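Asker: File name protein_25.pdb; file contents PDB, C-alpha atoms; full text below.
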```pdb
ATOM      1  CA  MET T 253      -3.259   7.694   8.421
ATOM      2  CA  PRO T 254      -2.711  11.249   7.134
ATOM      3  CA  ASP T 255      -1.040  11.624   3.744
ATOM      4  CA  LEU T 256       1.479  14.409   3.247
ATOM      5  CA  SER T 257       4.460  15.642   1.324
ATOM      6  CA  LEU T 258       7.522  17.174   2.967
ATOM      7  CA  PHE T 259       9.762  19.869   1.568
ATOM      8  CA  SER T 260      13.091  21.123   2.796
ATOM      9  CA  ASN T 261      13.028  24.243   4.946
ATOM     10  CA  ASN T 262      16.193  25.601   3.340
ATOM     11  CA  PHE T 263      15.491  24.340  -0.219
ATOM     12  CA  PRO T 264      11.734  24.978  -0.509
ATOM     13  CA  ASP T 265      11.523  23.609  -4.075
ATOM     14  CA  PHE T 266      12.981  20.266  -2.948
ATOM     15  CA  TYR T 267      10.751  17.533  -1.532
ATOM     16  CA  ILE T 268      11.590  14.263   0.172
ATOM     17  CA  ILE T 269      11.234  11.670  -2.576
ATOM     18  CA  GLU T 270      11.615   7.879  -2.627
ATOM     19  CA  ARG T 271      12.747   6.439  -5.966
ATOM     20  CA  VAL T 272      13.519   2.751  -6.357
ATOM     21  CA  GLY T 273      14.786   2.484  -2.796
ATOM     22  CA  ASP T 274      16.807   5.705  -2.671
ATOM     23  CA  VAL T 275      15.445   8.579  -0.589
ATOM     24  CA  ASP T 276      16.581  12.079  -1.519
ATOM     25  CA  ILE T 277      15.327  15.621  -1.735
ATOM     26  CA  ALA T 278      14.596  16.741  -5.278
ATOM     27  CA  LYS T 279      12.550  19.109  -7.389
ATOM     28  CA  ILE T 280       9.218  17.702  -8.457
ATOM     29  CA  GLU T 281       8.992  17.626 -12.243
ATOM     30  CA  THR T 282       6.586  14.824 -13.224
ATOM     31  CA  ASP T 283       3.457  13.053 -12.041
ATOM     32  CA  ILE T 284       5.666  10.095 -11.103
ATOM     33  CA  ASP T 285       7.728  12.445  -8.889
ATOM     34  CA  ARG T 286       4.515  13.645  -7.218
ATOM     35  CA  GLY T 287       3.637  10.049  -6.344
ATOM     36  CA  ASN T 288       7.171   9.309  -5.153
ATOM     37  CA  ALA T 289       6.997  12.359  -2.866
ATOM     38  CA  THR T 290       3.678  11.465  -1.214
ATOM     39  CA  PHE T 291       3.832   9.620   2.104
ATOM     40  CA  GLY T 292       1.542   8.401   4.805
ATOM     41  CA  TRP T 293       2.321   9.079   8.463
ATOM     42  CA  SER T 294       1.301   6.032  10.474
ATOM     43  CA  GLY T 295       0.394   8.088  13.521
ATOM     44  CA  LEU T 296      -3.213   9.092  14.074
ATOM     45  CA  GLN T 297      -2.513  12.770  13.519
ATOM     46  CA  LEU T 298       0.455  14.961  12.814
ATOM     47  CA  ASP T 299       0.994  15.911  16.451
ATOM     48  CA  PHE T 300       4.345  16.852  17.940
ATOM     49  CA  GLY T 301       5.587  14.060  20.191
ATOM     50  CA  GLU T 302       3.752  11.404  18.201
ATOM     51  CA  THR T 303       5.636   8.287  17.086
ATOM     52  CA  GLY T 304       5.150   6.753  13.648
ATOM     53  CA  GLN T 305       6.587   5.763  10.318
ATOM     54  CA  LEU T 306       6.695   7.451   6.939
ATOM     55  CA  GLN T 307       5.525   5.105   4.207
ATOM     56  CA  ARG T 308       4.739   5.481   0.535
ATOM     57  CA  ALA T 309       1.127   6.527  -0.005
ATOM     58  CA  VAL T 310       1.146   5.936  -3.764
ATOM     59  CA  ALA T 311       1.985   2.675  -5.576
ATOM     60  CA  PRO T 312       4.143   0.803  -5.124
ATOM     61  CA  LEU T 313       2.797   0.574  -1.582
ATOM     62  CA  GLY T 314       4.409  -1.175   1.388
ATOM     63  CA  PHE T 315       7.670   0.808   1.382
ATOM     64  CA  TYR T 316       8.776   2.436   4.654
ATOM     65  CA  LEU T 317      11.494   5.086   4.947
ATOM     66  CA  ARG T 318      14.155   3.166   6.865
ATOM     67  CA  ILE T 319      17.526   4.138   8.315
ATOM     68  CA  ASP T 320      20.197   1.723   7.089
ATOM     69  CA  PRO T 321      23.026   1.634   9.654
ATOM     70  CA  LEU T 322      25.080  -0.568   7.291
ATOM     71  CA  ASP T 323      25.027   2.170   4.623
ATOM     72  CA  GLY T 324      26.268   5.096   6.697
ATOM     73  CA  PHE T 325      22.787   5.730   8.140
ATOM     74  CA  ARG T 326      21.470   6.545   4.668
ATOM     75  CA  VAL T 327      17.687   6.444   4.408
ATOM     76  CA  HIS T 328      16.198   3.964   1.938
ATOM     77  CA  GLY T 329      12.751   2.824   0.973
ATOM     78  CA  LYS T 330      12.362  -0.703   2.343
ATOM     79  CA  PHE T 331       9.608  -3.045   1.127
ATOM     80  CA  TYR T 332       8.387  -3.805   4.627
ATOM     81  CA  THR T 333       5.189  -5.687   3.867
ATOM     82  CA  ALA T 334       7.046  -8.496   2.037
ATOM     83  CA  ILE T 335       9.327  -9.361   4.974
ATOM     84  CA  VAL T 336       8.365 -12.777   6.341
ATOM     85  CA  ASP T 337      10.989 -13.258   9.085
ATOM     86  CA  PRO T 338       9.417 -11.767  12.263
ATOM     87  CA  ALA T 339      12.796 -10.730  13.725
ATOM     88  CA  VAL T 340      13.827  -8.918  10.536
ATOM     89  CA  LYS T 341      10.381  -7.313  10.254
ATOM     90  CA  ALA T 342      10.639  -6.025  13.850
ATOM     91  CA  GLU T 343      14.129  -4.640  13.217
ATOM     92  CA  VAL T 344      13.060  -2.829  10.040
ATOM     93  CA  LEU T 345      10.022  -1.383  11.810
ATOM     94  CA  GLU T 346      12.254  -0.140  14.628
ATOM     95  CA  GLU T 347      14.674   1.443  12.121
ATOM     96  CA  SER T 348      11.706   3.148  10.431
ATOM     97  CA  THR T 349      10.133   4.681  13.545
ATOM     98  CA  PHE T 350      10.444   8.381  14.327
ATOM     99  CA  VAL T 351       9.143  10.904  16.803
ATOM    100  CA  LEU T 352       7.611  13.943  15.119
ATOM    101  CA  GLU T 353       9.220  16.946  16.837
ATOM    102  CA  ARG T 354       9.218  20.694  16.516
ATOM    103  CA  ALA T 355      12.251  21.670  14.456
ATOM    104  CA  GLU T 356      14.753  23.447  16.660
ATOM    105  CA  ILE T 357      15.686  25.963  13.961
ATOM    106  CA  ASP T 358      12.020  26.742  13.193
ATOM    107  CA  PRO T 359       9.533  25.466  15.810
ATOM    108  CA  GLU T 360       6.594  25.875  13.419
ATOM    109  CA  GLN T 361       8.110  23.157  11.203
ATOM    110  CA  VAL T 362       9.003  19.498  11.864
ATOM    111  CA  SER T 363      11.958  17.221  12.431
ATOM    112  CA  PHE T 364      11.932  13.428  12.550
ATOM    113  CA  HIS T 365      13.869  12.040  15.514
ATOM    114  CA  SER T 366      14.901   8.388  15.249
ATOM    115  CA  VAL T 367      13.584   6.093  17.998
ATOM    116  CA  LYS T 368      16.203   3.364  17.489
ATOM    117  CA  PHE T 369      19.097   5.816  17.088
ATOM    118  CA  PRO T 370      18.173   8.560  19.592
ATOM    119  CA  ASP T 371      21.113  10.807  18.700
ATOM    120  CA  ARG T 372      19.981  11.026  15.046
ATOM    121  CA  PHE T 373      17.460  13.021  13.044
ATOM    122  CA  LEU T 374      16.387  12.748   9.419
ATOM    123  CA  ARG T 375      18.336  15.375   7.510
ATOM    124  CA  HIS T 376      19.471  15.966   3.959
ATOM    125  CA  ARG T 377      23.093  16.172   2.964
ATOM    126  CA  ASN T 378      24.164  16.593  -0.667
ATOM    127  CA  PHE T 379      20.468  16.161  -1.556
ATOM    128  CA  GLN T 380      20.392  12.655  -0.041
ATOM    129  CA  LEU T 381      18.507  11.714   3.138
ATOM    130  CA  PHE T 382      20.442  10.435   6.162
ATOM    131  CA  ALA T 383      19.884   9.989   9.876
ATOM    132  CA  GLU T 384      22.624  11.928  11.619
ATOM    133  CA  PRO T 385      23.321  13.900  14.776
ATOM    134  CA  VAL T 386      22.544  17.589  14.277
ATOM    135  CA  SER T 387      24.022  20.460  16.279
ATOM    136  CA  THR T 388      25.190  23.359  14.095
ATOM    137  CA  PRO T 389      22.706  25.827  12.620
ATOM    138  CA  ALA T 390      23.355  24.344   9.154
ATOM    139  CA  ASP T 391      22.676  20.798  10.455
ATOM    140  CA  LEU T 392      19.489  21.944  12.177
ATOM    141  CA  GLN T 393      18.330  23.637   8.978
ATOM    142  CA  ASP T 394      18.952  20.410   7.018
ATOM    143  CA  ALA T 395      16.834  18.492   9.565
ATOM    144  CA  CYS T 396      13.887  20.901   9.269
ATOM    145  CA  PHE T 397      10.990  20.046   6.953
ATOM    146  CA  ARG T 398       7.696  21.692   6.106
ATOM    147  CA  ILE T 399       4.552  19.641   5.857
ATOM    148  CA  ALA T 400       2.628  20.192   2.627
ATOM    149  CA  ALA T 401      -0.571  18.769   1.218
ATOM    150  CA  PRO T 402       0.076  15.453  -0.527
ATOM    151  CA  LEU T 403       1.362  16.006  -4.053
ATOM    152  CA  ALA T 404      -0.560  12.969  -5.309
ATOM    153  CA  GLN T 405      -3.665  11.141  -4.238
ATOM    154  CA  GLY T 406      -2.784   8.091  -2.141
ATOM    155  CA  GLY T 407      -3.687   4.613  -3.189
TER     156      GLY T 407
END
```
Take the structure in the file and give it back as structure tokens.
Answerer:
Amino acid sequence: MPDLSLFSNNFPDFYIIERVGDVDIAKIETDIDRGNATFGWSGLQLDFGETGQLQRAVAPLGFYLRIDPLDGFRVHGKFYTAIVDPAVKAEVLEESTFVLERAEIDPEQVSFHSVKFPDRFLRHRNFQLFAEPVSTPADLQDACFRIAAPLAQGG
């Protein structure tokens, strides 16, 4: 599983970061931030068209970036590995699965297209991460991310 960090195409100093369940874009200021902004992609490679999940690569491990339809499609870190109910585990996995696509606004960069909610892409709004439909140039820019080397060593 390749480790990576992702920064916003239109706010290049702001990385996707998972902090105590909330997923935002933010400036990286501390070593803790570097860990919170380092993810593993569950696919074999980072190939366009590949399906996978983004999960924390630095402790605490076991958290997947999950779309929460009950919270306005806000993206949260969900402690997936502790779920014991198979039906709930399957639902969370489905809500955490994305297709890695070429970003429409910049085809050299990436967008994450939801599998469960096919009209929605990961995008930032007000520095928070959501899964929403994107159509305007501003929306497309907010759904465009650049892959960077992991900011911390995975564990």
Asker: For the PyMOL selection byres ((chain T and resi 287) around 10), applied here, can you spell out every residue it catches as a list in words?
Answerer: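 Checking the PyMOL selection byres ((chain T and resi 287) around 10) against this file, the residues are Ser257, Ile269, Glu270, Arg271, Ile280, Thr282, Asp283, Ile284, Asp285, Arg286, Asn288, Ala289, Thr290, Phe291, Arg308, Ala309, Val310, Ala311, Pro312, Pro402, Leu403, Ala404, Gln405, Gly406 and Gly407 of chain T.
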Asker: Please dump the current selection as an mmCIF file, keeping the file's coordinate frame; keep C-alpha atoms.
Answerer:
```cif
data_model
loop_
_atom_site.group_PDB
_atom_site.id
_atom_site.type_symbol
_atom_site.label_atom_id
_atom_site.label_comp_id
_atom_site.auth_asym_id
_atom_site.auth_seq_id
_atom_site.Cartn_x
_atom_site.Cartn_y
_atom_site.Cartn_z
ATOM 1 C CA SER T 257 4.460 15.642 1.324
ATOM 2 C CA ILE T 269 11.234 11.670 -2.576
ATOM 3 C CA GLU T 270 11.615 7.879 -2.627
ATOM 4 C CA ARG T 271 12.747 6.439 -5.966
ATOM 5 C CA ILE T 280 9.218 17.702 -8.457
ATOM 6 C CA THR T 282 6.586 14.824 -13.224
ATOM 7 C CA ASP T 283 3.457 13.053 -12.041
ATOM 8 C CA ILE T 284 5.666 10.095 -11.103
ATOM 9 C CA ASP T 285 7.728 12.445 -8.889
ATOM 10 C CA ARG T 286 4.515 13.645 -7.218
ATOM 11 C CA ASN T 288 7.171 9.309 -5.153
ATOM 12 C CA ALA T 289 6.997 12.359 -2.866
ATOM 13 C CA THR T 290 3.678 11.465 -1.214
ATOM 14 C CA PHE T 291 3.832 9.620 2.104
ATOM 15 C CA ARG T 308 4.739 5.481 0.535
ATOM 16 C CA ALA T 309 1.127 6.527 -0.005
ATOM 17 C CA VAL T 310 1.146 5.936 -3.764
ATOM 18 C CA ALA T 311 1.985 2.675 -5.576
ATOM 19 C CA PRO T 312 4.143 0.803 -5.124
ATOM 20 C CA PRO T 402 0.076 15.453 -0.527
ATOM 21 C CA LEU T 403 1.362 16.006 -4.053
ATOM 22 C CA ALA T 404 -0.560 12.969 -5.309
ATOM 23 C CA GLN T 405 -3.665 11.141 -4.238
ATOM 24 C CA GLY T 406 -2.784 8.091 -2.141
ATOM 25 C CA GLY T 407 -3.687 4.613 -3.189
#
```
Asker: My list of candidates is T:Phe364, T:Phe397, T:Phe300, T:Phe315. Which is closest to Thr349 (chain T) when distances are computed with only C-alpha atoms?
Answerer: T:Phe364
Asker: Can you work out the spacing between CA of Gly304 (chain T) and CA of Thr333 (chain T) in Å, to one decimal?
Answerer: 15.8 Å
Asker: Between CA of Ile335 (chain T) and CA of Leu258 (chain T), what is the spacing in Å?
Answerer: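 Those two atoms sit 26.7 Å apart.
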Asker: For CA of Gly301 (chain T) and CA of Asn378 (chain T), quote the distance in Å rounded to one decimal.
Answerer: 28.0 Å
Asker: Which residue, T:Ile268, T:Ile357, T:Leu313, T:Ala395, has the smallest gap to Ala383 (chain T) when you use all atoms listed in the file?
Answerer: T:Ala395
Asker: Just say which residues the PyMOL selection byres ((chain T and resi 390) around 12) picks in this file, as a JSON list (two decimals) with C-alpha atoms, in the frame of the given file.
Answerer:
```
[["chain", "number", "residue", "atom", "x", "y", "z"],
["T", 261, "ASN", "CA", 13.03, 24.24, 4.95],
["T", 262, "ASN", "CA", 16.19, 25.60, 3.34],
["T", 356, "GLU", "CA", 14.75, 23.45, 16.66],
["T", 357, "ILE", "CA", 15.69, 25.96, 13.96],
["T", 375, "ARG", "CA", 18.34, 15.38, 7.51],
["T", 376, "HIS", "CA", 19.47, 15.97, 3.96],
["T", 377, "ARG", "CA", 23.09, 16.17, 2.96],
["T", 385, "PRO", "CA", 23.32, 13.90, 14.78],
["T", 386, "VAL", "CA", 22.54, 17.59, 14.28],
["T", 387, "SER", "CA", 24.02, 20.46, 16.28],
["T", 388, "THR", "CA", 25.19, 23.36, 14.10],
["T", 389, "PRO", "CA", 22.71, 25.83, 12.62],
["T", 391, "ASP", "CA", 22.68, 20.80, 10.46],
["T", 392, "LEU", "CA", 19.49, 21.94, 12.18],
["T", 393, "GLN", "CA", 18.33, 23.64, 8.98],
["T", 394, "ASP", "CA", 18.95, 20.41, 7.02],
["T", 395, "ALA", "CA", 16.83, 18.49, 9.56],
["T", 396, "CYS", "CA", 13.89, 20.90, 9.27]]
```
Asker: Could you check which of T:Ile319, T:Ile277, T:Val351, T:Leu306 is closest to Phe379 (chain T), using only C-alpha atoms?
Answerer: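 Closest to Phe379 (chain T), using only C-alpha atoms: T:Ile277.
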Asker: Might you spell out which residues the PyMOL selection byres ((chain T and resi 346) around 10) would select in the displayed file, as a list in words?
Answerer: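 Listing what the PyMOL selection byres ((chain T and resi 346) around 10) selects in the shown file: Gly304, Gln305, Arg318, Ile319, Val340, Lys341, Ala342, Glu343, Val344, Leu345, Glu347, Ser348, Thr349, Phe350, Ser366, Val367, Lys368 and Phe369 of chain T.
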Asker: Which residue, T:Pro254, T:Pro321, T:Gly314, T:Gly329, has the smallest gap to Asp276 (chain T) when you use all atoms listed in the file?
Answerer: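 Of T:Pro254, T:Pro321, T:Gly314, T:Gly329, the one nearest Asp276 (chain T), counting all atoms listed in the file, is T:Gly329.
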Asker: Return the single residue from T:Glu281, T:Asp371, T:Asp320, T:Glu302 that is closest to Leu352 (chain T), with distances computed using all atoms listed in the file.
Answerer: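 Nearest candidate to Leu352 (chain T) out of T:Glu281, T:Asp371, T:Asp320, T:Glu302: T:Glu302.
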Asker: Which polymer residues, whether protein, DNA or RNA, lie within 8 Å of the coordinate (-3.6, 10.0, 5.8) when you count all atoms listed in the file? List them as a PDB file with C-alpha atoms, keeping the file's coordinate frame, using the chain letters and numbers from the file.
Answerer:
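Output saved as result_9.pdb:
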```pdb
ATOM      1  CA  MET T 253      -3.259   7.694   8.421  1.00  0.00           C
ATOM      2  CA  PRO T 254      -2.711  11.249   7.134  1.00  0.00           C
ATOM      3  CA  ASP T 255      -1.040  11.624   3.744  1.00  0.00           C
ATOM      4  CA  LEU T 256       1.479  14.409   3.247  1.00  0.00           C
ATOM      5  CA  GLY T 292       1.542   8.401   4.805  1.00  0.00           C
ATOM      6  CA  TRP T 293       2.321   9.079   8.463  1.00  0.00           C
ATOM      7  CA  SER T 294       1.301   6.032  10.474  1.00  0.00           C
TER       8      SER T 294
END
```
Asker: Rank nothing, just name the residue among T:Ala355, T:Val336, T:Ala401, T:Val275 nearest to Gln307 (chain T), using all atoms listed in the file.
Answerer: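 Looking only at the distances to Gln307 (chain T), the closest residue turns out to be T:Val275.
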Asker: With a distance cut-off of 6 Å and all atoms listed in the file, select the neighbouring residues of Phe259 (chain T), excluding the residue or stretch itself and same-chain residues fewer than 4 positions from it, and output the selection as a VMD selection string.
Answerer: chain T and resid 264 266 to 267 397 to 398
Asker: Could region 284-295 of chain T be completed with all heavy atoms and returned as a PDB file, in the frame of the given file?
Answerer:
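New file selection15.pdb:
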```
ATOM      1  N   ILE T 284       5.000  11.187 -11.832  1.00  0.00           N
ATOM      2  CA  ILE T 284       5.666  10.095 -11.103  1.00  0.00           C
ATOM      3  C   ILE T 284       6.384  10.656  -9.880  1.00  0.00           C
ATOM      4  O   ILE T 284       6.311  10.082  -8.789  1.00  0.00           O
ATOM      5  CB  ILE T 284       6.623   9.321 -12.030  1.00  0.00           C
ATOM      6  CG1 ILE T 284       5.809   8.547 -13.074  1.00  0.00           C
ATOM      7  CG2 ILE T 284       7.531   8.381 -11.233  1.00  0.00           C
ATOM      8  CD1 ILE T 284       6.635   7.911 -14.166  1.00  0.00           C
ATOM      9  N   ASP T 285       7.075  11.796 -10.038  1.00  0.00           N
ATOM     10  CA  ASP T 285       7.728  12.445  -8.889  1.00  0.00           C
ATOM     11  C   ASP T 285       6.711  12.781  -7.809  1.00  0.00           C
ATOM     12  O   ASP T 285       6.979  12.610  -6.615  1.00  0.00           O
ATOM     13  CB  ASP T 285       8.432  13.741  -9.308  1.00  0.00           C
ATOM     14  CG  ASP T 285       9.686  13.520 -10.126  1.00  0.00           C
ATOM     15  OD1 ASP T 285      10.197  12.375 -10.182  1.00  0.00           O
ATOM     16  OD2 ASP T 285      10.165  14.513 -10.725  1.00  0.00           O
ATOM     17  N   ARG T 286       5.544  13.286  -8.210  1.00  0.00           N
ATOM     18  CA  ARG T 286       4.515  13.645  -7.218  1.00  0.00           C
ATOM     19  C   ARG T 286       4.115  12.418  -6.403  1.00  0.00           C
ATOM     20  O   ARG T 286       3.961  12.488  -5.189  1.00  0.00           O
ATOM     21  CB  ARG T 286       3.311  14.270  -7.918  1.00  0.00           C
ATOM     22  CG  ARG T 286       3.517  15.739  -8.268  1.00  0.00           C
ATOM     23  CD  ARG T 286       2.266  16.373  -8.862  1.00  0.00           C
ATOM     24  NE  ARG T 286       2.274  16.354 -10.321  1.00  0.00           N
ATOM     25  CZ  ARG T 286       3.104  17.053 -11.089  1.00  0.00           C
ATOM     26  NH1 ARG T 286       4.013  17.823 -10.554  1.00  0.00           N
ATOM     27  NH2 ARG T 286       3.038  16.983 -12.397  1.00  0.00           N
ATOM     28  N   GLY T 287       3.952  11.278  -7.056  1.00  0.00           N
ATOM     29  CA  GLY T 287       3.637  10.049  -6.344  1.00  0.00           C
ATOM     30  C   GLY T 287       4.773   9.604  -5.436  1.00  0.00           C
ATOM     31  O   GLY T 287       4.555   9.191  -4.299  1.00  0.00           O
ATOM     32  N   ASN T 288       5.998   9.717  -5.936  1.00  0.00           N
ATOM     33  CA  ASN T 288       7.171   9.309  -5.153  1.00  0.00           C
ATOM     34  C   ASN T 288       7.434  10.226  -3.963  1.00  0.00           C
ATOM     35  O   ASN T 288       8.206   9.874  -3.072  1.00  0.00           O
ATOM     36  CB  ASN T 288       8.418   9.266  -6.040  1.00  0.00           C
ATOM     37  CG  ASN T 288       8.395   8.146  -7.052  1.00  0.00           C
ATOM     38  OD1 ASN T 288       7.667   7.167  -6.906  1.00  0.00           O
ATOM     39  ND2 ASN T 288       9.195   8.283  -8.096  1.00  0.00           N
ATOM     40  N   ALA T 289       6.813  11.392  -3.952  1.00  0.00           N
ATOM     41  CA  ALA T 289       6.997  12.359  -2.866  1.00  0.00           C
ATOM     42  C   ALA T 289       5.762  12.457  -1.973  1.00  0.00           C
ATOM     43  O   ALA T 289       5.610  13.422  -1.221  1.00  0.00           O
ATOM     44  CB  ALA T 289       7.344  13.727  -3.442  1.00  0.00           C
ATOM     45  N   THR T 290       4.881  11.479  -2.037  1.00  0.00           N
ATOM     46  CA  THR T 290       3.678  11.465  -1.214  1.00  0.00           C
ATOM     47  C   THR T 290       3.778  10.293  -0.238  1.00  0.00           C
ATOM     48  O   THR T 290       3.984   9.160  -0.653  1.00  0.00           O
ATOM     49  CB  THR T 290       2.418  11.350  -2.082  1.00  0.00           C
ATOM     50  OG1 THR T 290       2.381  12.482  -2.978  1.00  0.00           O
ATOM     51  CG2 THR T 290       1.157  11.350  -1.239  1.00  0.00           C
ATOM     52  N   PHE T 291       3.639  10.613   1.044  1.00  0.00           N
ATOM     53  CA  PHE T 291       3.832   9.620   2.104  1.00  0.00           C
ATOM     54  C   PHE T 291       2.638   9.607   3.042  1.00  0.00           C
ATOM     55  O   PHE T 291       1.909  10.583   3.157  1.00  0.00           O
ATOM     56  CB  PHE T 291       5.104   9.935   2.906  1.00  0.00           C
ATOM     57  CG  PHE T 291       6.329   9.953   2.046  1.00  0.00           C
ATOM     58  CD1 PHE T 291       6.812  11.139   1.534  1.00  0.00           C
ATOM     59  CD2 PHE T 291       6.973   8.778   1.719  1.00  0.00           C
ATOM     60  CE1 PHE T 291       7.925  11.157   0.705  1.00  0.00           C
ATOM     61  CE2 PHE T 291       8.083   8.778   0.893  1.00  0.00           C
ATOM     62  CZ  PHE T 291       8.565   9.975   0.387  1.00  0.00           C
ATOM     63  N   GLY T 292       2.489   8.498   3.710  1.00  0.00           N
ATOM     64  CA  GLY T 292       1.542   8.401   4.805  1.00  0.00           C
ATOM     65  C   GLY T 292       2.312   8.417   6.109  1.00  0.00           C
ATOM     66  O   GLY T 292       3.408   7.855   6.203  1.00  0.00           O
ATOM     67  N   TRP T 293       1.765   9.084   7.104  1.00  0.00           N
ATOM     68  CA  TRP T 293       2.321   9.079   8.463  1.00  0.00           C
ATOM     69  C   TRP T 293       1.457   8.120   9.256  1.00  0.00           C
ATOM     70  O   TRP T 293       0.242   8.292   9.333  1.00  0.00           O
ATOM     71  CB  TRP T 293       2.296  10.482   9.054  1.00  0.00           C
ATOM     72  CG  TRP T 293       2.671  10.550  10.496  1.00  0.00           C
ATOM     73  CD1 TRP T 293       1.846  10.850  11.553  1.00  0.00           C
ATOM     74  CD2 TRP T 293       3.962  10.336  11.068  1.00  0.00           C
ATOM     75  NE1 TRP T 293       2.546  10.831  12.729  1.00  0.00           N
ATOM     76  CE2 TRP T 293       3.854  10.507  12.461  1.00  0.00           C
ATOM     77  CE3 TRP T 293       5.212  10.002  10.540  1.00  0.00           C
ATOM     78  CZ2 TRP T 293       4.930  10.369  13.336  1.00  0.00           C
ATOM     79  CZ3 TRP T 293       6.287   9.866  11.395  1.00  0.00           C
ATOM     80  CH2 TRP T 293       6.143  10.050  12.777  1.00  0.00           C
ATOM     81  N   SER T 294       2.080   7.092   9.834  1.00  0.00           N
ATOM     82  CA  SER T 294       1.301   6.032  10.474  1.00  0.00           C
ATOM     83  C   SER T 294       0.664   6.452  11.795  1.00  0.00           C
ATOM     84  O   SER T 294      -0.191   5.739  12.304  1.00  0.00           O
ATOM     85  CB  SER T 294       2.178   4.792  10.704  1.00  0.00           C
ATOM     86  OG  SER T 294       3.177   5.071  11.652  1.00  0.00           O
ATOM     87  N   GLY T 295       1.047   7.593  12.318  1.00  0.00           N
ATOM     88  CA  GLY T 295       0.394   8.088  13.521  1.00  0.00           C
ATOM     89  C   GLY T 295      -1.036   8.514  13.221  1.00  0.00           C
ATOM     90  O   GLY T 295      -1.440   8.652  12.065  1.00  0.00           O
TER      91      GLY T 295
END
```
